Structures are given as structure tokens and as C-alpha cells.
Amino acid sequence: QPAAVAPQHCGRIHSRPPLGEMGIDIEAGGRVKSKTRVTSSQNPYIRLLCKLYKFLSRRTDSKFNKVILKRLNMTRKSKAPLSMQKLAKLMAGKDGKIAVVVGTVTDDKRLYEVPKLSVCALRFTETARASIIKAGGECLTFDKLALRSPLGKGTVLLRGPVKARAAERHFGKAPGVPHSKTAPHVRAKGRKFEKARGKRSSRGYKV
């Protein structure tokens, strides 16, 4: 009798994976990715602060540290500056507390009397720093804050107006759509530029 011939396979051998290793059945709406943002800043101080608050957020139950870590890793756009006038207004009646801003604190010439404040921020403009110190206050860095208040007790977490950028005026419902407050990208603000039909009641209708 002739020997049994092994079956010839053309190409690759396809084997079905074990039942436990098969693909995930993704529900309608897709998979939600929860990848945390990591800063792309090359500033060594920012990177060290991220390291410090990553440790604090992991080793403590404080939500304050988790929020600080998240804000340190934000884009520059999201770390909007806060003026001295807004800072003084928000800290009224909060004596003995430390104002915490993950961003820049800028001076405001409209504020004539600066109250005594303890402020912790990433950066202070020269004039803002001078006005805080002149009023008897103090300017803290985040590493000093971590030593003084590792859990964020006795602090007031503030942030600047993120949506106050000029570019934000152009976002939203399309300009010209009913009830839209979005500013159009117009070449000039003169009489001839997008001022006719749809823009004035005397020219057909006004949106």
C-alpha cells in the first residue's frame, strides 16, 4: 500500500483563536478613549511640578492635587491669565486663604487699592508681583504650596477666563443663522462688507 500523503496547504495556515482571545463586541457609539493629556512643555520647572503633583495625587486622597495635575498638563490656551482685579474680587471675604491659579497673574491698573493676598501661581508679571508684595501679601510657587498645604486645605482654586480669547467669538452657530451670536470673519468693518440683506431691518430682514 502506498504511504498516506499529507494534505497540501496553499498559503498560510488559518487557525481560529481561542474563545477568550476573540475581539471585543463594541457597543453602538464606539469605544470611549480615556487617555490623559501629558504636557509637551520642555520647561524643566513645569515637568518637575507635574512629577510632584503626580506623586501627591497618587499617594493622597485629595481631589485638589488631581485637579492641579490635570491643569498643569493642559495646553497654554487652557491656562488663561487672571487679572489682579478679578483675583481681588474673587478673594473678598476669604481672609487667611491662599489663592491658587494654574496660570499667570497679571496686573490691573483699574485696581487702585490692592488687598493683602497670598497667591500661588505658575507666573506673575513684574508689576503684579510688586503690587502684591507692596500690599503685604506673598507670591508662592507650587513647590512651596505643596510643603505648606499638601492636601490643598485653606486654598481657593481659581482660573482665568478661558473663553475670553478673540478667536472664541467666531466659534458656534454659523453667522447668519437665526439666533446666532457668532462673529463672521469679515475683511473689514465698513459699510460695504456684510451689512446689507439679512443684517439690517431696512434691507429685507435682520437675523
# chains A, B, ... in the order shown; residues from 1 in each chain; ligands from 1

$ select_by_dssp --residues "region 17-168 of chain A" --states "alpha helix (DSSP H)" --output "PyMOL selection string"
chain A and resi 44-59+63-72+84-90+126-134+142-148

$ residues_around --residues "region 56-67 of chain A" --least-positions-apart "4" --cutoff "7 Å" --atoms "only C-alpha atoms" --output "list in words"
Leu52, Arg71, Leu151 and Gly152 of chain A

$ closest_atom_pairs --of "region 33-123 of chain A" --to "region 128-132 of chain A" --cutoff "7 Å" --atoms "only C-alpha atoms" --output "CSV"
residue,atom,partner,partner_atom,distance
A:Val105,CA,A:Ala128,CA,6.8
A:Thr106,CA,A:Ala128,CA,5.5
A:Asp107,CA,A:Ala128,CA,4.3
A:Val114,CA,A:Ser131,CA,6.9
A:Lys116,CA,A:Ile132,CA,7.0
A:Leu117,CA,A:Ile132,CA,6.7

$ atom_distance --atom1 "CA of Leu69 (chain A)" --atom2 "CA of Phe142 (chain A)"
11.0 Å

$ residues_around --residues "Cys50 (chain A)" --least-positions-apart "4" --cutoff "8 Å" --atoms "only C-alpha atoms" --output "VMD selection string"
chain A and resid 46 54 69 72 to 73

$ residues_around --residues "region 89-103 of chain A" --least-positions-apart "2" --cutoff "8 Å" --atoms "only C-alpha atoms" --output "NGL selection string"
:A and (68 or 71-72 or 79-82 or 85-87 or 105 or 117-123 or 154-160)

$ atom_distance --atom1 "CA of Ala167 (chain A)" --atom2 "CA of Lys189 (chain A)"
16.7 Å

$ residues_around --residues "Ser78 (chain A)" --least-positions-apart "3" --cutoff "7 Å" --atoms "only C-alpha atoms" --output "VMD selection string"
chain A and resid 74 to 75 162

$ closest_residue --among "A:Ala164, A:Ile26, A:Met84, A:Ala135" --to "Leu111 (chain A)" --atoms "only C-alpha atoms"
A:Met84

$ atom_distance --atom1 "CA of Lys35 (chain A)" --atom2 "CA of Ser149 (chain A)"
28.7 Å

$ residues_around --residues "Gly198 (chain A)" --least-positions-apart "2" --cutoff "12 Å" --atoms "only C-alpha atoms" --output "list in words"
Pro175, Gly176, Val177, Pro178, Glu194, Lys195, Ala196, Arg200, Ser201, Ser202, Arg203, Gly204, Tyr205, Lys206 and Val207 of chain A

$ select_by_dssp --residues "region 2-180 of chain A" --states "strand (DSSP E or B)" --output "PyMOL selection string"
chain A and resi 82-83+98-106+118-124+138-140+155-158

$ write_last_selection --atoms "C-alpha atoms" --output "compact mmCIF listing (two decimals), in the first residue's frame"
# COMPACT_ATOMS: atom_id res chain seq x y z
CA LEU A 82 -6.10 86.06 35.68
CA SER A 83 -6.01 89.80 36.40
CA ILE A 98 -4.32 81.06 49.61
CA ALA A 99 -5.48 81.84 46.07
CA VAL A 100 -4.23 79.16 43.64
CA VAL A 101 -4.01 79.87 39.90
CA VAL A 102 -2.51 77.38 37.43
CA GLY A 103 -1.51 80.13 35.03
CA THR A 104 -0.27 83.72 35.02
CA VAL A 105 -1.38 86.50 37.37
CA THR A 106 -1.35 89.87 35.58
CA SER A 118 -1.39 85.11 49.46
CA VAL A 119 -1.27 83.95 45.85
CA CYS A 120 0.23 80.80 44.34
CA ALA A 121 0.64 80.83 40.55
CA LEU A 122 2.87 79.49 37.77
CA ARG A 123 3.94 83.01 36.83
CA PHE A 124 3.49 86.62 37.97
CA GLU A 138 3.07 86.96 49.28
CA CYS A 139 3.71 85.24 45.96
CA LEU A 140 4.12 81.48 46.25
CA THR A 155 -6.83 77.25 49.46
CA VAL A 156 -9.16 78.74 46.86
CA LEU A 157 -8.65 77.27 43.38
CA LEU A 158 -9.22 79.88 40.65

$ closest_residue --among "A:Leu48, A:Ala88, A:Ala166, A:Val186" --to "Asp108 (chain A)" --atoms "only C-alpha atoms"
A:Ala88
